[in-house]
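K.L.:
Shown below is the structure under consideration.
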Amino acid sequence: MNFSDSEIVASILNENDFESTNEIRDADVIFINTCSIRDHAEQRVRKRLEFMQSLKKKNPLLVIGMLGCMAERLKKQLLEEEQALDLIAGPDSYRDLPRLLTEVASGNKAINTLLSIDETYADISPIRYDSNGISAFISIMRGCENYCAYCVVPYVRGKERSRDADSILSEAKVLFQNGFREVTLLGQNVNSYHWKLDGTEASFATLLKKVASLDPLLRIRFATSHPKNLSDELIQTIAEKNNICKSIHLPVQSGSTHILNHMNRGYTRDLYLERIHAIRTFLPDCAISTDIIAGFCDETEEDHQETLSLMEHVAFDYAFMFRYSERPDTLAADRYKDNVPIEIKDRRLKEIIELQQKLSFKSNKKDVGKTFEVLIEGFSKRSTEFFSGRNSQNKVVIFPITQNIPGDYVQVKINQSTSATLIGEIC
Ligand code: SF4
């Protein structure tokens, strides 16, 4: 989401006669777009500000601003704590950046952290920078109202709002016309997207079908799906359209119903497994990935074992795994004790990561001998003699270069695999 927001900010500033630069020492204004989901992310931003302060010593006119969730969470306190900062803007205040910069130019510190109930930046065409020219993100909604106990997002990104479907469709169309071949529709919980389209109420499945109908050569991905809102209609839509990628990111967070209730996730272990069963029934070749938190408040050894057994049962293709870290102002911070000792959290996380590595390795090994349609994204990071691309299941595929170019679809037969990559050749 933050990457997508940075492209919106670049567009707003571009309209106001600013240009972006890849060389930090040439910049007159530097914005850091921040995340508050984990304490580690905030600590890294604080470190980065120390470096910014050193740039400011060399160039006292340099303006440094903080955007995003950390700006929203800490507001004015940040201006007091961080000498380097001149400006603070929350996720719904980016249209106000030109005015805030003028305020800074007149010698003041500037801040706007007002949250909105309707801002979606629908009319702004994001500037695609740092792009491979093949894949792009399209933000389809903002905010979240799920209030998972561990999460700051509802407090720092405000109420859930869906973006005008027509503006999403025209953004996807323009991207395709400009050579992009893959769009990822983004929202905190895309499954609860809703909008009036052609006079009727449109669900996320309807939107997905419309975007996929723009052109069969445009691949569609989406993130993130909330298990409690993953409908059969959506699963069937993915099955119907070849260009909707067969890959679903479905964060489970824990395999224990007791912990899921505690997290306020809105589903049980059984309901999650029932949704997995529905995916496997309609989409037998679909990759499933997830997020897992180790050591949430009151998590017992038995709860942890339930997480491991759920992972084995689902056989996730890959996962993002974290140790629970308490975030201020969340429901968990207010009501629960962060009472799992750090050594136990670390041990449980290690067991989760080790299991996932085995599952990912096994999942990739099963692909050896198969042939996949791969969208070429560019050269492999390790060698210009190899292309890198992804298959519909979102797995990275490496293969020797041919006369094809990035943006082409090719058929690749897989000869080898690791836990992270498939290696093959065009056939
Ligand atoms: S669904 Fe839960 S975890 Fe995801 S952004 Fe919303 S509150 Fe946070």
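All residue names refer to the structure tokens as shown: chains lettered A, B, ... in order, residues numbered from 1 in each chain, ligands numbered from 1 in order.
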Please check which protein, DNA or RNA residues sit within 12 Å of ligand 1, counting only C-alpha atoms and all ligand atoms, and write them as a PyMOL selection string.

P.N.:
chain A and resi 1+35-38+69+141-160+186-192+223-229+250-253+260+263-267+291-293+327+330-332

K.L.:
Mind checking which residues fall within 9 Å of Ile168 of chain A, counting only C-alpha atoms, ignoring those fewer than 5 positions away in the same chain, and posting them as an NGL selection string?

P.N.:
:A and (122 or 138-140 or 163 or 173 or 185 or 207 or 211)

K.L.:
When DSSP is applied to the backbone of this structure, which of segment 104-145 of chain A are assigned strand (DSSP E or B)? Write them out as a list of chain:residue names.

P.N.:
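Residues meeting the strand (DSSP E or B) criterion: A:Ala110, A:Ile111, A:Asn112, A:Ser135, A:Ala136, A:Phe137, A:Ile138, A:Ser139, A:Met141, A:Arg142.
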
K.L.:
Those selected residues, please, written with N, CA and C atoms and delivered as a PDB file, in the first residue's frame.

P.N.:
```pdb
ATOM      1  N   ALA A 110       5.210  22.027   9.562  1.00  0.00           N
ATOM      2  CA  ALA A 110       3.836  21.864   9.040  1.00  0.00           C
ATOM      3  C   ALA A 110       3.320  20.464   9.316  1.00  0.00           C
ATOM      4  N   ILE A 111       2.015  20.386   9.621  1.00  0.00           N
ATOM      5  CA  ILE A 111       1.438  19.081   9.937  1.00  0.00           C
ATOM      6  C   ILE A 111      -0.028  18.994   9.486  1.00  0.00           C
ATOM      7  N   ASN A 112      -0.398  17.863   8.909  1.00  0.00           N
ATOM      8  CA  ASN A 112      -1.809  17.566   8.630  1.00  0.00           C
ATOM      9  C   ASN A 112      -1.991  16.053   8.776  1.00  0.00           C
ATOM     10  N   SER A 135       4.686  -4.656 -14.381  1.00  0.00           N
ATOM     11  CA  SER A 135       3.721  -4.887 -13.297  1.00  0.00           C
ATOM     12  C   SER A 135       3.463  -3.581 -12.550  1.00  0.00           C
ATOM     13  N   ALA A 136       2.209  -3.360 -12.177  1.00  0.00           N
ATOM     14  CA  ALA A 136       1.880  -2.136 -11.431  1.00  0.00           C
ATOM     15  C   ALA A 136       0.818  -2.437 -10.384  1.00  0.00           C
ATOM     16  N   PHE A 137       0.782  -1.600  -9.363  1.00  0.00           N
ATOM     17  CA  PHE A 137      -0.239  -1.728  -8.321  1.00  0.00           C
ATOM     18  C   PHE A 137      -1.361  -0.730  -8.593  1.00  0.00           C
ATOM     19  N   ILE A 138      -2.588  -1.151  -8.317  1.00  0.00           N
ATOM     20  CA  ILE A 138      -3.722  -0.221  -8.380  1.00  0.00           C
ATOM     21  C   ILE A 138      -4.439  -0.298  -7.045  1.00  0.00           C
ATOM     22  N   SER A 139      -4.501   0.825  -6.380  1.00  0.00           N
ATOM     23  CA  SER A 139      -5.182   0.852  -5.091  1.00  0.00           C
ATOM     24  C   SER A 139      -6.690   0.921  -5.327  1.00  0.00           C
ATOM     25  N   MET A 141      -9.076   0.448  -2.669  1.00  0.00           N
ATOM     26  CA  MET A 141      -9.787   0.902  -1.464  1.00  0.00           C
ATOM     27  C   MET A 141      -8.776   1.368  -0.433  1.00  0.00           C
ATOM     28  N   ARG A 142      -9.266   2.043   0.597  1.00  0.00           N
ATOM     29  CA  ARG A 142      -8.379   2.524   1.656  1.00  0.00           C
ATOM     30  C   ARG A 142      -9.017   2.214   3.004  1.00  0.00           C
TER      31      ARG A 142
END
```

K.L.:
If you run DSSP on the backbone, which residues of segment 176-395 of chain A are helix (DSSP H, G or I), as a PyMOL selection string?

P.N.:
chain A and resi 176-177+190-192+204-212+227-229+232-240+257-262+269-282+301-314+331-335+342-365

K.L.:
Restricting the calculation to only C-alpha atoms: of A:Glu301, A:Glu7, A:Glu385, A:Glu312, which residue gets closest to Ser360 of chain A?

P.N.:
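The closest residue to Ser360 of chain A is A:Glu312.
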
K.L.:
Taking 2 positions as the minimum chain separation for residues in the same chain, which residues sit within 12 Å of Lys246 of chain A when counting only C-alpha atoms? Answer as a PyMOL selection string.

P.N.:
chain A and resi 219-222+234-244+248-249+279-280+282-289+372-373+390-395

K.L.:
So, with only C-alpha atoms as the atoms that count, which of A:Gly65, A:Thr102, A:Trp195, A:Asn415 lies closest to Lys365 of chain A?

P.N.:
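Nearest to Lys365 of chain A: A:Asn415.
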
K.L.:
Could you check how far atom CA of Ser203 of chain A sits from atom CA of Thr120 of chain A, in Å to one decimal?

P.N.:
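Atom CA of Ser203 of chain A sits 17.2 Å away from atom CA of Thr120 of chain A.
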
K.L.:
Which is closest to Asp408 of chain A among A:Ala165, A:Ile426, A:Leu49, A:Leu67, if we use only C-alpha atoms?

P.N.:
A:Ile426

K.L.:
A:Met52, A:Val314, A:Val183, A:Leu13: which is nearest Gln83 of chain A, counting only C-alpha atoms?

P.N.:
A:Met52

K.L.:
Neighbours of segment 23-25 of chain A within 10 Å (only C-alpha atoms; same-chain residues fewer than 3 positions away dropped), as a PyMOL selection string?

P.N.:
chain A and resi 20+28-30+52+55-56+58-59+62

K.L.:
Restricting it to N, CA, C and O atoms, dump the selection as a short mmCIF file (atom, residue, chain, number, x, y, z; two decimals), in the first residue's frame.

P.N.:
```cif
data_model
loop_
_atom_site.label_atom_id
_atom_site.label_comp_id
_atom_site.auth_asym_id
_atom_site.auth_seq_id
_atom_site.Cartn_x
_atom_site.Cartn_y
_atom_site.Cartn_z
N SER A 20 10.99 14.18 -9.51
CA SER A 20 11.65 13.24 -8.61
C SER A 20 13.08 12.99 -9.08
O SER A 20 13.41 13.18 -10.26
N ASP A 28 15.76 18.51 -2.92
CA ASP A 28 15.45 19.66 -2.07
C ASP A 28 14.44 19.26 -1.01
O ASP A 28 14.33 19.90 0.03
N VAL A 29 13.65 18.23 -1.34
CA VAL A 29 12.63 17.74 -0.40
C VAL A 29 12.74 16.21 -0.36
O VAL A 29 12.81 15.58 -1.41
N ILE A 30 12.76 15.67 0.83
CA ILE A 30 12.76 14.20 0.95
C ILE A 30 11.58 13.79 1.82
O ILE A 30 11.40 14.32 2.92
N MET A 52 19.31 11.48 7.57
CA MET A 52 18.71 12.69 6.97
C MET A 52 19.23 13.94 7.66
O MET A 52 19.49 14.96 7.05
N LEU A 55 22.41 14.94 6.26
CA LEU A 55 22.27 15.63 4.96
C LEU A 55 21.89 17.09 5.18
O LEU A 55 22.32 17.99 4.47
N LYS A 56 21.05 17.28 6.18
CA LYS A 56 20.55 18.63 6.47
C LYS A 56 21.66 19.56 6.96
O LYS A 56 21.65 20.76 6.71
N LYS A 58 24.62 19.52 5.84
CA LYS A 58 25.33 19.98 4.63
C LYS A 58 24.44 20.93 3.82
O LYS A 58 24.93 21.80 3.12
N ASN A 59 23.13 20.74 3.88
CA ASN A 59 22.20 21.58 3.11
C ASN A 59 21.04 22.03 4.01
O ASN A 59 20.00 21.39 4.06
N LEU A 62 17.35 21.92 2.98
CA LEU A 62 16.68 20.64 2.69
C LEU A 62 15.44 20.47 3.58
O LEU A 62 15.51 20.69 4.79
#
```

K.L.:
Counting only C-alpha atoms, which residues of segment 110-170 of chain A sit at most 10 Å from some atom of segment 403-407 of chain A, and what is each one's closest atom pair with its distance in Å to one decimal, listed by chain and rising residue number, as JSON lines?

P.N.:
```
{"residue": "A:Asn132", "atom": "CA", "partner": "A:Pro406", "partner_atom": "CA", "distance": 8.7}
{"residue": "A:Gly133", "atom": "CA", "partner": "A:Gly407", "partner_atom": "CA", "distance": 8.2}
{"residue": "A:Ile134", "atom": "CA", "partner": "A:Gly407", "partner_atom": "CA", "distance": 5.8}
{"residue": "A:Ser135", "atom": "CA", "partner": "A:Gly407", "partner_atom": "CA", "distance": 8.9}
```
